[in-house]
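Source file: entry_31.pdb (PDB, C-alpha atoms and all ligand atoms)
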ATOM      1  CA  MET A  27      54.884 131.492-152.598
ATOM      2  CA  PRO A  28      58.536 130.865-151.593
ATOM      3  CA  ARG A  29      59.104 128.092-149.069
ATOM      4  CA  GLU A  30      60.350 130.476-146.344
ATOM      5  CA  GLU A  31      57.100 132.396-146.500
ATOM      6  CA  VAL A  32      55.048 129.225-146.351
ATOM      7  CA  LEU A  33      57.079 128.165-143.326
ATOM      8  CA  ASP A  34      56.386 131.481-141.585
ATOM      9  CA  LEU A  35      52.719 130.956-142.259
ATOM     10  CA  LEU A  36      52.808 127.402-140.938
ATOM     11  CA  GLN A  37      54.483 128.581-137.756
ATOM     12  CA  LYS A  38      51.893 131.263-137.298
ATOM     13  CA  TYR A  39      49.138 128.653-137.361
ATOM     14  CA  VAL A  40      50.927 126.008-135.351
ATOM     15  CA  ILE A  41      52.292 128.058-132.446
ATOM     16  CA  PRO A  42      48.972 128.796-130.655
ATOM     17  CA  TYR A  43      48.323 125.056-130.287
ATOM     18  CA  ARG A  44      51.820 123.962-129.312
ATOM     19  CA  VAL A  45      52.454 123.356-125.619
ATOM     20  CA  THR A  46      56.090 123.226-124.533
ATOM     21  CA  LYS A  47      55.825 124.657-121.023
ATOM     22  CA  ARG A  48      54.477 122.758-118.081
ATOM     23  CA  LYS A  49      53.428 125.696-115.983
ATOM     24  CA  GLY A  50      49.974 127.178-116.315
ATOM     25  CA  PHE A  51      48.575 124.700-118.820
ATOM     26  CA  ARG A  52      44.779 124.612-118.758
ATOM     27  CA  LEU A  53      42.702 122.557-121.147
ATOM     28  CA  LYS A  54      39.814 124.971-120.862
ATOM     29  CA  ASP A  55      41.924 127.606-122.604
ATOM     30  CA  PHE A  56      41.544 125.535-125.779
ATOM     31  CA  ASP A  57      38.333 125.417-127.788
ATOM     32  CA  PRO A  58      37.602 122.192-129.728
ATOM     33  CA  GLY A  59      35.672 124.224-132.300
ATOM     34  CA  ASP A  60      38.507 126.651-133.043
ATOM     35  CA  THR A  61      39.654 126.942-136.666
ATOM     36  CA  GLY A  62      42.459 129.438-136.172
ATOM     37  CA  GLY A  63      40.360 132.185-137.708
ATOM     38  CA  LEU A  64      40.332 130.265-140.979
ATOM     39  CA  GLN A  65      37.227 129.661-143.005
ATOM     40  CA  MET A  66      37.486 127.250-145.833
ATOM     41  CA  GLU A  67      35.518 125.322-148.358
ATOM     42  CA  LYS A  68      36.177 121.596-148.356
ATOM     43  CA  ALA A  69      37.936 121.763-151.724
ATOM     44  CA  GLU A  70      40.294 124.486-150.557
ATOM     45  CA  ALA A  71      41.189 122.603-147.384
ATOM     46  CA  THR A  72      41.815 119.447-149.406
ATOM     47  CA  GLU A  73      44.108 121.304-151.772
ATOM     48  CA  LEU A  74      46.082 122.793-148.907
ATOM     49  CA  LEU A  75      46.356 119.433-147.193
ATOM     50  CA  GLN A  76      47.656 117.917-150.423
ATOM     51  CA  ALA A  77      50.357 120.577-150.615
ATOM     52  CA  GLY A  78      51.268 119.760-147.014
ATOM     53  CA  THR A  79      51.427 116.014-147.552
ATOM     54  CA  ALA A  80      53.528 116.466-150.698
ATOM     55  CA  TRP A  81      56.017 118.541-148.722
ATOM     56  CA  LEU A  82      55.975 115.948-145.950
ATOM     57  CA  ALA A  83      56.845 113.266-148.494
ATOM     58  CA  GLU A  84      59.865 115.283-149.651
ATOM     59  CA  GLU A  85      61.063 115.672-146.079
ATOM     60  CA  GLN A  86      60.532 111.973-145.402
ATOM     61  CA  ASP A  87      62.682 111.065-148.389
ATOM     62  CA  MET A  88      65.568 113.039-146.894
ATOM     63  CA  LEU A  89      64.910 111.680-143.395
ATOM     64  CA  TYR A  90      65.247 108.166-144.795
ATOM     65  CA  ALA A  91      68.310 108.904-146.944
ATOM     66  CA  GLN A  92      70.097 110.722-144.138
ATOM     67  CA  ASP A  93      69.379 107.883-141.711
ATOM     68  CA  ARG A  94      70.151 109.889-138.561
ATOM     69  CA  TRP A  95      66.964 111.317-137.063
ATOM     70  CA  SER A  96      63.682 109.563-136.559
ATOM     71  CA  LEU A  97      60.230 110.973-136.007
ATOM     72  CA  LEU A  98      57.603 109.739-133.564
ATOM     73  CA  LEU A  99      54.054 111.019-133.900
ATOM     74  CA  VAL A 100      51.866 110.188-130.911
ATOM     75  CA  PHE A 101      48.073 110.402-131.263
ATOM     76  CA  GLN A 102      45.815 110.497-128.234
ATOM     77  CA  ALA A 103      42.139 111.340-128.096
ATOM     78  CA  MET A 104      38.705 110.394-126.929
ATOM     79  CA  ASP A 105      36.856 107.992-129.234
ATOM     80  CA  ALA A 106      35.626 109.379-132.554
ATOM     81  CA  ALA A 107      37.925 112.400-132.364
ATOM     82  CA  GLY A 108      39.379 111.378-135.705
ATOM     83  CA  LYS A 109      42.723 109.704-134.957
ATOM     84  CA  ASP A 110      42.391 107.124-137.702
ATOM     85  CA  GLY A 111      41.222 109.578-140.354
ATOM     86  CA  THR A 112      43.954 112.063-139.464
ATOM     87  CA  ILE A 113      46.648 109.410-139.729
ATOM     88  CA  LYS A 114      45.221 108.210-143.041
ATOM     89  CA  HIS A 115      45.031 111.658-144.609
ATOM     90  CA  VAL A 116      48.185 113.256-143.250
ATOM     91  CA  MET A 117      50.386 110.278-144.093
ATOM     92  CA  SER A 118      48.805 109.646-147.495
ATOM     93  CA  GLY A 119      51.864 110.796-149.445
ATOM     94  CA  VAL A 120      54.650 109.158-147.471
ATOM     95  CA  ASN A 121      56.622 106.151-148.594
ATOM     96  CA  PRO A 122      55.272 103.147-146.645
ATOM     97  CA  GLN A 123      58.786 101.709-146.527
ATOM     98  CA  GLY A 124      59.929 104.408-144.102
ATOM     99  CA  CYS A 125      56.827 104.573-141.962
ATOM    100  CA  GLN A 126      55.170 102.314-139.412
ATOM    101  CA  VAL A 127      51.874 102.676-137.582
ATOM    102  CA  PHE A 128      51.235 100.907-134.275
ATOM    103  CA  SER A 129      47.796 100.845-132.671
ATOM    104  CA  PHE A 130      47.871 100.063-128.981
ATOM    105  CA  LYS A 131      44.834  98.308-127.533
ATOM    106  CA  GLN A 132      44.328  96.518-124.217
ATOM    107  CA  PRO A 133      47.634  94.851-123.366
ATOM    108  CA  SER A 134      48.081  91.113-123.958
ATOM    109  CA  SER A 135      49.079  88.808-121.104
ATOM    110  CA  GLU A 136      52.662  88.846-122.327
ATOM    111  CA  GLU A 137      52.686  92.643-122.429
ATOM    112  CA  ILE A 138      51.141  93.018-119.004
ATOM    113  CA  ALA A 139      53.774  90.729-117.497
ATOM    114  CA  HIS A 140      56.361  93.454-118.210
ATOM    115  CA  ASP A 141      56.918  97.016-117.031
ATOM    116  CA  PHE A 142      54.416  99.440-118.555
ATOM    117  CA  MET A 143      56.826 100.975-121.070
ATOM    118  CA  TRP A 144      58.002  97.649-122.503
ATOM    119  CA  ARG A 145      55.571  97.291-125.371
ATOM    120  CA  TYR A 146      55.965 100.907-126.460
ATOM    121  CA  ALA A 147      59.751 101.103-126.183
ATOM    122  CA  ARG A 148      60.177  98.192-128.581
ATOM    123  CA  ARG A 149      58.099 100.015-131.191
ATOM    124  CA  LEU A 150      60.112 103.231-131.259
ATOM    125  CA  PRO A 151      61.007 104.119-134.847
ATOM    126  CA  GLU A 152      64.360 103.159-136.324
ATOM    127  CA  ARG A 153      66.650 105.929-137.512
ATOM    128  CA  GLY A 154      65.416 107.451-140.733
ATOM    129  CA  HIS A 155      61.860 106.267-140.078
ATOM    130  CA  ILE A 156      58.566 107.791-139.072
ATOM    131  CA  GLY A 157      56.750 105.947-136.297
ATOM    132  CA  ILE A 158      53.105 106.580-135.552
ATOM    133  CA  PHE A 159      51.572 105.594-132.243
ATOM    134  CA  ASN A 160      47.789 105.365-132.522
ATOM    135  CA  ARG A 161      47.333 105.529-128.729
ATOM    136  CA  SER A 162      50.528 105.138-126.758
ATOM    137  CA  TYR A 163      52.178 104.942-123.332
ATOM    138  CA  TYR A 164      49.889 107.848-122.425
ATOM    139  CA  GLU A 165      47.090 105.292-122.044
ATOM    140  CA  GLU A 166      48.948 104.247-118.894
ATOM    141  CA  VAL A 167      48.064 107.594-117.298
ATOM    142  CA  LEU A 168      44.692 108.014-119.039
ATOM    143  CA  VAL A 169      42.482 104.920-119.289
ATOM    144  CA  VAL A 170      44.416 103.179-116.509
ATOM    145  CA  ARG A 171      44.037 106.234-114.292
ATOM    146  CA  VAL A 172      40.325 106.531-114.983
ATOM    147  CA  HIS A 173      39.757 102.802-114.361
ATOM    148  CA  PRO A 174      41.731 101.695-111.275
ATOM    149  CA  GLU A 175      40.879  98.016-111.920
ATOM    150  CA  LEU A 176      43.216  98.178-114.935
ATOM    151  CA  LEU A 177      46.051  99.200-112.641
ATOM    152  CA  GLU A 178      45.288  96.218-110.432
ATOM    153  CA  ARG A 179      45.677  93.911-113.421
ATOM    154  CA  GLN A 180      49.234  95.180-113.792
ATOM    155  CA  LYS A 181      50.255  93.263-110.648
ATOM    156  CA  LEU A 182      52.628  95.863-109.247
ATOM    157  CA  PRO A 183      54.136  95.090-105.835
ATOM    158  CA  GLN A 184      51.878  96.667-103.243
ATOM    159  CA  PRO A 185      54.431  99.073-101.665
ATOM    160  CA  LEU A 186      54.896 100.697-105.074
ATOM    161  CA  VAL A 187      51.244 101.610-105.509
ATOM    162  CA  SER A 188      50.632 104.870-103.715
ATOM    163  CA  LYS A 189      48.738 108.091-104.314
ATOM    164  CA  ARG A 190      51.845 109.356-106.053
ATOM    165  CA  ILE A 191      51.722 106.694-108.752
ATOM    166  CA  TRP A 192      50.368 108.987-111.498
ATOM    167  CA  ASP A 193      52.911 111.700-110.831
ATOM    168  CA  GLU A 194      55.607 109.052-110.824
ATOM    169  CA  ARG A 195      54.416 107.584-114.116
ATOM    170  CA  LEU A 196      54.236 111.010-115.695
ATOM    171  CA  ALA A 197      57.790 111.737-114.557
ATOM    172  CA  ASP A 198      58.892 108.386-116.010
ATOM    173  CA  ILE A 199      57.206 109.233-119.316
ATOM    174  CA  ALA A 200      58.861 112.657-119.433
ATOM    175  CA  HIS A 201      62.251 111.038-118.783
ATOM    176  CA  PHE A 202      61.626 108.372-121.395
ATOM    177  CA  GLU A 203      60.858 111.055-123.962
ATOM    178  CA  GLU A 204      63.962 112.976-122.984
ATOM    179  CA  TYR A 205      65.979 109.808-123.477
ATOM    180  CA  ALA A 206      64.433 109.149-126.906
ATOM    181  CA  ALA A 207      65.014 112.769-127.918
ATOM    182  CA  ARG A 208      68.690 112.462-126.964
ATOM    183  CA  GLN A 209      68.880 109.428-129.202
ATOM    184  CA  GLY A 210      67.680 111.483-132.158
ATOM    185  CA  THR A 211      63.956 110.810-132.069
ATOM    186  CA  LYS A 212      61.885 113.905-132.676
ATOM    187  CA  ILE A 213      58.641 113.441-130.782
ATOM    188  CA  LEU A 214      55.385 115.247-131.515
ATOM    189  CA  LYS A 215      52.315 114.498-129.421
ATOM    190  CA  PHE A 216      48.857 115.298-130.710
ATOM    191  CA  PHE A 217      45.815 115.481-128.507
ATOM    192  CA  LEU A 218      42.830 115.614-130.837
ATOM    193  CA  HIS A 219      40.531 117.708-128.721
ATOM    194  CA  VAL A 220      36.917 116.939-129.599
ATOM    195  CA  SER A 221      33.942 118.309-127.689
ATOM    196  CA  ARG A 222      31.455 116.069-125.910
ATOM    197  CA  GLN A 223      28.660 117.291-128.202
ATOM    198  CA  GLU A 224      30.602 116.609-131.381
ATOM    199  CA  GLN A 225      31.476 113.132-130.114
ATOM    200  CA  GLU A 226      27.791 112.418-129.604
ATOM    201  CA  LYS A 227      27.061 113.561-133.143
ATOM    202  CA  ARG A 228      29.737 111.254-134.558
ATOM    203  CA  PHE A 229      28.503 108.268-132.513
ATOM    204  CA  MET A 230      25.024 108.905-133.894
ATOM    205  CA  GLU A 231      26.427 108.829-137.429
ATOM    206  CA  ARG A 232      28.119 105.533-136.652
ATOM    207  CA  LEU A 233      24.792 104.146-135.503
ATOM    208  CA  GLU A 234      22.733 105.518-138.347
ATOM    209  CA  GLN A 235      24.950 105.077-141.384
ATOM    210  CA  PRO A 236      25.407 101.392-142.305
ATOM    211  CA  GLU A 237      28.920 101.892-143.692
ATOM    212  CA  LYS A 238      29.955 103.399-140.357
ATOM    213  CA  ASN A 239      28.311 100.743-138.143
ATOM    214  CA  TRP A 240      31.527  98.724-137.863
ATOM    215  CA  LYS A 241      33.229 101.637-136.134
ATOM    216  CA  PHE A 242      30.775 101.632-133.295
ATOM    217  CA  SER A 243      31.503  99.887-130.045
ATOM    218  CA  PRO A 244      29.112  99.948-127.064
ATOM    219  CA  SER A 245      32.046 100.557-124.716
ATOM    220  CA  ASP A 246      32.605 103.939-126.418
ATOM    221  CA  VAL A 247      29.273 105.143-125.045
ATOM    222  CA  ARG A 248      30.101 103.794-121.584
ATOM    223  CA  GLU A 249      33.367 105.757-121.579
ATOM    224  CA  ARG A 250      31.464 109.005-122.182
ATOM    225  CA  LYS A 251      30.311 108.823-118.570
ATOM    226  CA  PHE A 252      33.912 109.312-117.532
ATOM    227  CA  TRP A 253      34.388 112.401-119.695
ATOM    228  CA  ASP A 254      35.419 114.732-116.866
ATOM    229  CA  GLU A 255      37.801 112.158-115.410
ATOM    230  CA  TYR A 256      39.416 111.764-118.828
ATOM    231  CA  MET A 257      39.741 115.525-119.327
ATOM    232  CA  HIS A 258      41.372 115.819-115.923
ATOM    233  CA  ALA A 259      43.776 112.988-116.781
ATOM    234  CA  PHE A 260      44.603 114.606-120.144
ATOM    235  CA  GLU A 261      45.231 117.960-118.526
ATOM    236  CA  GLU A 262      47.559 116.443-115.937
ATOM    237  CA  ALA A 263      49.374 114.417-118.583
ATOM    238  CA  ILE A 264      49.937 117.366-120.904
ATOM    239  CA  ALA A 265      50.960 119.659-118.059
ATOM    240  CA  ALA A 266      53.500 117.123-116.770
ATOM    241  CA  THR A 267      55.097 116.102-120.063
ATOM    242  CA  ALA A 268      55.063 119.121-122.369
ATOM    243  CA  SER A 269      58.591 120.057-123.319
ATOM    244  CA  LYS A 270      60.620 121.634-126.099
ATOM    245  CA  GLN A 271      61.977 118.300-127.267
ATOM    246  CA  ALA A 272      58.576 116.571-127.067
ATOM    247  CA  PRO A 273      55.866 119.205-127.468
ATOM    248  CA  TRP A 274      52.140 118.565-127.197
ATOM    249  CA  PHE A 275      49.716 119.966-129.731
ATOM    250  CA  VAL A 276      46.203 120.536-128.499
ATOM    251  CA  VAL A 277      44.445 120.128-131.839
ATOM    252  CA  PRO A 278      40.869 121.442-132.080
ATOM    253  CA  ALA A 279      39.086 118.409-133.501
ATOM    254  CA  ASP A 280      35.451 119.394-134.006
ATOM    255  CA  ASN A 281      36.309 120.342-137.589
ATOM    256  CA  LYS A 282      38.154 117.519-139.277
ATOM    257  CA  TRP A 283      39.552 119.658-142.077
ATOM    258  CA  PHE A 284      41.214 121.923-139.539
ATOM    259  CA  SER A 285      42.659 119.177-137.347
ATOM    260  CA  ARG A 286      44.159 117.448-140.375
ATOM    261  CA  LEU A 287      45.707 120.658-141.664
ATOM    262  CA  LEU A 288      47.136 121.471-138.265
ATOM    263  CA  VAL A 289      48.694 118.037-137.787
ATOM    264  CA  ALA A 290      50.215 118.208-141.284
ATOM    265  CA  ALA A 291      51.523 121.728-140.662
ATOM    266  CA  ALA A 292      53.048 120.818-137.294
ATOM    267  CA  THR A 293      54.711 117.739-138.772
ATOM    268  CA  VAL A 294      56.159 119.574-141.763
ATOM    269  CA  GLU A 295      57.353 122.393-139.530
ATOM    270  CA  ALA A 296      59.091 119.941-137.187
ATOM    271  CA  MET A 297      60.781 118.114-140.039
ATOM    272  CA  VAL A 298      61.985 121.323-141.649
ATOM    273  CA  SER A 299      63.436 122.376-138.291
ATOM    274  CA  LEU A 300      65.628 119.243-138.395
ATOM    275  CA  ASP A 301      67.309 120.721-141.458
ATOM    276  CA  LEU A 302      67.272 117.382-143.244
ATOM    277  CA  ALA A 303      69.454 116.878-146.295
ATOM    278  CA  TYR A 304      70.610 114.104-148.595
ATOM    279  CA  PRO A 305      73.965 112.659-147.564
ATOM    280  CA  LYS A 306      76.893 114.548-149.093
ATOM    281  CA  VAL A 307      78.932 112.706-151.652
ATOM    282  CA  ASP A 308      82.622 112.988-150.708
ATOM    283  CA  ALA A 309      85.603 112.800-153.090
ATOM    284  CA  ALA A 310      86.136 109.073-152.554
ATOM    285  CA  LYS A 311      82.471 108.338-153.222
ATOM    286  CA  LYS A 312      82.556 110.510-156.377
ATOM    287  CA  LYS A 313      85.490 108.479-157.644
ATOM    288  CA  GLU A 314      83.595 105.276-156.926
ATOM    289  CA  LEU A 315      80.549 106.561-158.828
ATOM    290  CA  ALA A 316      82.695 107.606-161.803
ATOM    291  CA  ALA A 317      84.319 104.172-161.908
ATOM    292  CA  ALA A 318      80.923 102.449-161.769
ATOM    293  CA  ARG A 319      79.649 104.656-164.586
ATOM    294  CA  LEU A 320      82.649 103.747-166.711
ATOM    295  CA  ALA A 321      82.245 100.043-166.002
ATOM    296  CA  LEU A 322      78.569 100.154-166.911
ATOM    297  CA  SER A 323      79.161 102.058-170.150
ATOM    298  CA  ARG A 324      81.801  99.492-171.190
ATOM    299  CA  GLU A 325      79.189  96.740-170.927
ATOM    300  CA  ARG A 326      77.240  98.242-173.788
TER     301      ARG A 326
HETATM  302  P1  LIG B   1      38.891 102.664-133.104
HETATM  303  O1  LIG B   1      38.981 103.973-133.796
HETATM  304  O2  LIG B   1      38.924 101.520-134.058
HETATM  305  O3  LIG B   1      37.781 102.592-132.103
HETATM  306  P2  LIG B   1      40.624 102.493-130.832
HETATM  307  O4  LIG B   1      42.020 102.983-130.679
HETATM  308  O5  LIG B   1      39.574 103.150-130.018
HETATM  309  O6  LIG B   1      40.282 102.545-132.344
HETATM  310  P3  LIG B   1      39.641 100.047-129.769
HETATM  311  O7  LIG B   1      39.983  98.640-130.070
HETATM  312  O8  LIG B   1      38.264 100.544-129.941
HETATM  313  O9  LIG B   1      40.660 100.950-130.597
HETATM  314  O10 LIG B   1      40.042 100.380-128.281
HETATM  315  C1  LIG B   1      41.247 100.143-127.751
HETATM  316  C2  LIG B   1      41.053 100.268-126.272
HETATM  317  O11 LIG B   1      42.235  99.847-125.608
HETATM  318  C3  LIG B   1      40.800 101.707-125.825
HETATM  319  O12 LIG B   1      39.632 101.769-125.077
HETATM  320  C4  LIG B   1      42.009 102.036-124.984
HETATM  321  O13 LIG B   1      41.713 102.907-123.935
HETATM  322  C5  LIG B   1      42.423 100.660-124.520
HETATM  323  N1  LIG B   1      43.818 100.626-124.097
HETATM  324  C6  LIG B   1      44.888 101.074-124.761
HETATM  325  N2  LIG B   1      46.000 100.933-124.027
HETATM  326  C7  LIG B   1      45.617 100.389-122.862
HETATM  327  C8  LIG B   1      46.303  99.999-121.671
HETATM  328  N3  LIG B   1      47.606 100.153-121.560
HETATM  329  N4  LIG B   1      45.582  99.478-120.671
HETATM  330  C9  LIG B   1      44.259  99.305-120.798
HETATM  331  N5  LIG B   1      43.557  99.639-121.879
HETATM  332  C10 LIG B   1      44.216 100.179-122.907
HETATM  333 MG    MG B   2      37.488 102.609-130.078
END
Represent the supplied structure as structure tokens.
Amino acid sequence: MPREEVLDLLQKYVIPYRVTKRKGFRLKDFDPGDTGGLQMEKAEATELLQAGTAWLAEEQDMLYAQDRWSLLLVFQAMDAAGKDGTIKHVMSGVNPQGCQVFSFKQPSSEEIAHDFMWRYARRLPERGHIGIFNRSYYEEVLVVRVHPELLERQKLPQPLVSKRIWDERLADIAHFEEYAARQGTKILKFFLHVSRQEQEKRFMERLEQPEKNWKFSPSDVRERKFWDEYMHAFEEAIAATASKQAPWFVVPADNKWFSRLLVAAATVEAMVSLDLAYPKVDAAKKKELAAARLALSRER
């Protein structure tokens, strides 16, 4: 199939899950079990994903050579939604030299002594690079919103902590993304949308299968009690920060094969839209190359 046709197909699958408009966004319009009408055997999905990651690798090579744009992929989700596996599979073909993954956990004392964006801003990808945020500045309006004691730890001056704080933070995040976009960072934000039932199933697997035990943390089960609060926080965050230059993707995550395909498709589609190309060789450069070739051949 010619590339243009594949691209049309990718767009067809990606568009229903892409959120660029702030008005009217409702999480309940998205079903975690959705597979875009696709039904696939595991082998078929794997093959398709491999084609996607190979294409991604080609695009990354040009991104790196061109050294102008950068790409930031933000992953947010409830526990066990598959962030780690998605990152592992989707990025399996890319050159590690041009790619960096940062996982953000509870902030250190040094980090918490700064403004909330500090630790994330310093990890933005360099030009030509792909940066992956496994959790991100969105935690500041998700976990911190759900657990007010975390906000207290941030030691903000009292007059600045009002009921408006979440709207203010969301506005700051939207502005920060606009700023990064104007600097040439293409931002894609993925919310891996898993259902409460599927999460329970995956926790059970972590408890029952010895090789998955290490993934289990008792706090994950405690956080389930705050499910509705988290969903509300996610909805508000997506609705306040979706934009053309930094779209959200609400990725149905109950079927891992589908979420991985969708993330790969959205990433390839975004990179193709940057129209990446290898740097052009101008006349002076051509002369330089010819001279070098001559010099090398004379060594023989
Ligand atoms: P895993 O898949 O290994 O469980 P994880 O991303 O869940 O990966 P954990 O070490 O289990 O990693 O959890 C990190 C925890 O840090 C999460 O509960 C997350 O909500 C929390 N966290 C991240 N950023 C912040 C923040 N800014 N303030 C407070 N807590 C945060
Ligand atoms: Mg965890």
Taking all atoms listed in the file into account, which residues are within 10 Å of ligand LIG 1 (chain B), as a ChimeraX atom specification?
-> /A:101-111,129-134,137-138,142-143,145-146,160-173,175-177,179-180,240-246,249
Could you write out the selected residues, including C-alpha atoms, as a PDB file, in the coordinates of the input?
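Listing of again_30.pdb after writing:
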ATOM      1  CA  PHE A 101      48.073 110.402-131.263  1.00  0.00           C
ATOM      2  CA  GLN A 102      45.815 110.497-128.234  1.00  0.00           C
ATOM      3  CA  ALA A 103      42.139 111.340-128.096  1.00  0.00           C
ATOM      4  CA  MET A 104      38.705 110.394-126.929  1.00  0.00           C
ATOM      5  CA  ASP A 105      36.856 107.992-129.234  1.00  0.00           C
ATOM      6  CA  ALA A 106      35.626 109.379-132.554  1.00  0.00           C
ATOM      7  CA  ALA A 107      37.925 112.400-132.364  1.00  0.00           C
ATOM      8  CA  GLY A 108      39.379 111.378-135.705  1.00  0.00           C
ATOM      9  CA  LYS A 109      42.723 109.704-134.957  1.00  0.00           C
ATOM     10  CA  ASP A 110      42.391 107.124-137.702  1.00  0.00           C
ATOM     11  CA  GLY A 111      41.222 109.578-140.354  1.00  0.00           C
ATOM     12  CA  SER A 129      47.796 100.845-132.671  1.00  0.00           C
ATOM     13  CA  PHE A 130      47.871 100.063-128.981  1.00  0.00           C
ATOM     14  CA  LYS A 131      44.834  98.308-127.533  1.00  0.00           C
ATOM     15  CA  GLN A 132      44.328  96.518-124.217  1.00  0.00           C
ATOM     16  CA  PRO A 133      47.634  94.851-123.366  1.00  0.00           C
ATOM     17  CA  SER A 134      48.081  91.113-123.958  1.00  0.00           C
ATOM     18  CA  GLU A 137      52.686  92.643-122.429  1.00  0.00           C
ATOM     19  CA  ILE A 138      51.141  93.018-119.004  1.00  0.00           C
ATOM     20  CA  PHE A 142      54.416  99.440-118.555  1.00  0.00           C
ATOM     21  CA  MET A 143      56.826 100.975-121.070  1.00  0.00           C
ATOM     22  CA  ARG A 145      55.571  97.291-125.371  1.00  0.00           C
ATOM     23  CA  TYR A 146      55.965 100.907-126.460  1.00  0.00           C
ATOM     24  CA  ASN A 160      47.789 105.365-132.522  1.00  0.00           C
ATOM     25  CA  ARG A 161      47.333 105.529-128.729  1.00  0.00           C
ATOM     26  CA  SER A 162      50.528 105.138-126.758  1.00  0.00           C
ATOM     27  CA  TYR A 163      52.178 104.942-123.332  1.00  0.00           C
ATOM     28  CA  TYR A 164      49.889 107.848-122.425  1.00  0.00           C
ATOM     29  CA  GLU A 165      47.090 105.292-122.044  1.00  0.00           C
ATOM     30  CA  GLU A 166      48.948 104.247-118.894  1.00  0.00           C
ATOM     31  CA  VAL A 167      48.064 107.594-117.298  1.00  0.00           C
ATOM     32  CA  LEU A 168      44.692 108.014-119.039  1.00  0.00           C
ATOM     33  CA  VAL A 169      42.482 104.920-119.289  1.00  0.00           C
ATOM     34  CA  VAL A 170      44.416 103.179-116.509  1.00  0.00           C
ATOM     35  CA  ARG A 171      44.037 106.234-114.292  1.00  0.00           C
ATOM     36  CA  VAL A 172      40.325 106.531-114.983  1.00  0.00           C
ATOM     37  CA  HIS A 173      39.757 102.802-114.361  1.00  0.00           C
ATOM     38  CA  GLU A 175      40.879  98.016-111.920  1.00  0.00           C
ATOM     39  CA  LEU A 176      43.216  98.178-114.935  1.00  0.00           C
ATOM     40  CA  LEU A 177      46.051  99.200-112.641  1.00  0.00           C
ATOM     41  CA  ARG A 179      45.677  93.911-113.421  1.00  0.00           C
ATOM     42  CA  GLN A 180      49.234  95.180-113.792  1.00  0.00           C
ATOM     43  CA  TRP A 240      31.527  98.724-137.863  1.00  0.00           C
ATOM     44  CA  LYS A 241      33.229 101.637-136.134  1.00  0.00           C
ATOM     45  CA  PHE A 242      30.775 101.632-133.295  1.00  0.00           C
ATOM     46  CA  SER A 243      31.503  99.887-130.045  1.00  0.00           C
ATOM     47  CA  PRO A 244      29.112  99.948-127.064  1.00  0.00           C
ATOM     48  CA  SER A 245      32.046 100.557-124.716  1.00  0.00           C
ATOM     49  CA  ASP A 246      32.605 103.939-126.418  1.00  0.00           C
ATOM     50  CA  GLU A 249      33.367 105.757-121.579  1.00  0.00           C
TER      51      GLU A 249
END
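The residue that comes closest to A:Lys54, out of A:Ala310, A:Ala266, A:Met257, A:Leu150 and on the basis of all atoms listed in the file, is A:Met257.
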State, in Å with one decimal place, the distance from atom CA of A:Gly154 to atom CA of A:Trp283.
-> 28.6 Å
Would you please work out which residue, of A:Ala272, A:Leu302, A:Glu262, A:Ile191, is nearest to A:Gly50 when using only C-alpha atoms?
->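 Smallest separation from A:Gly50 among the options: A:Glu262.
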Step by step, work through what the PyMOL selection byres (((chain A and resi 268) around 10) and not hetatm) selects in the shown file, and finish by giving those residues as a VMD selection string.
-> chain A and resid 44 to 49 51 200 214 to 215 263 to 267 269 to 275
Exercise: A:His155 partners within 8 Å, all atoms listed in the file, chain neighbours under 6 positions left out, as a ChimeraX atom specification | /A:86,89-90,93,95-97,124-126
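For the atom pair formed by atom CA of A:Asp57 and atom CA of A:His219, the distance is 8.1 Å, given to one decimal.
Using all atoms listed in the file, the nearest neighbour of A:Arg94 within the list A:Ala309, A:Val120, A:Leu300, A:Ala279 is A:Leu300.
Of note, atom CA of A:Ile158 and atom CA of A:Asp141 are spaced 21.2 Å apart.
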For ligand MG 2 (chain B), the nearest of the candidates A:Glu325, A:Arg248, A:Ala291, A:Glu178, counting all atoms listed in the file |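 Of the candidates, the smallest distance to ligand MG 2 (chain B) is held by A:Arg248.
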With 3 Å of padding per side, what axis-aligned box (centre and edge lengths, Å, one decimal) covers all the listed atoms of stretch 67-76 of chain A? Give it as AutoDock Vina command-line options.
--center_x 41.6 --center_y 121.6 --center_z -149.5 --size_x 18.1 --size_y 13.4 --size_z 10.6
Can you list what the PyMOL selection byres (((chain A and resi 28-32) around 12) and not hetatm) grabs from this structure, as a list in words?
->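 Expected selection for the PyMOL selection byres (((chain A and resi 28-32) around 12) and not hetatm) here is Met27, Leu33, Asp34, Leu35, Leu36, Gln37, Lys38, Tyr39, Leu74, Ala77, Gly78, Trp81, Ala291, Val294, Glu295, Val298 and Ser299 of chain A.
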Using all atoms listed in the file, which of the listed residues (A:Phe217, A:Glu203, A:Phe229, A:Ala318) sits closest to ligand MG 2 (chain B)?
->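 Using all atoms listed in the file, ligand MG 2 (chain B) sits closest to A:Phe229.
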Polymer residues at most 9 Å from A:Gly62, all atoms listed in the file, same-chain spacing of 2 or more positions, as a ChimeraX atom specification = /A:39,42,60,64-65,284
Please dump the current selection as a PDB file, keeping the file's coordinate frame; keep C-alpha atoms.
ATOM      1  CA  TYR A  39      49.138 128.653-137.361  1.00  0.00           C
ATOM      2  CA  PRO A  42      48.972 128.796-130.655  1.00  0.00           C
ATOM      3  CA  ASP A  60      38.507 126.651-133.043  1.00  0.00           C
ATOM      4  CA  LEU A  64      40.332 130.265-140.979  1.00  0.00           C
ATOM      5  CA  GLN A  65      37.227 129.661-143.005  1.00  0.00           C
ATOM      6  CA  PHE A 284      41.214 121.923-139.539  1.00  0.00           C
TER       7      PHE A 284
END
Taking all atoms listed in the file into account, which of A:Lys181, A:Arg286, A:Arg250, A:Arg208 comes nearest ligand MG 2 (chain B)?
->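 Of all the options, A:Arg250 lies closest to ligand MG 2 (chain B).
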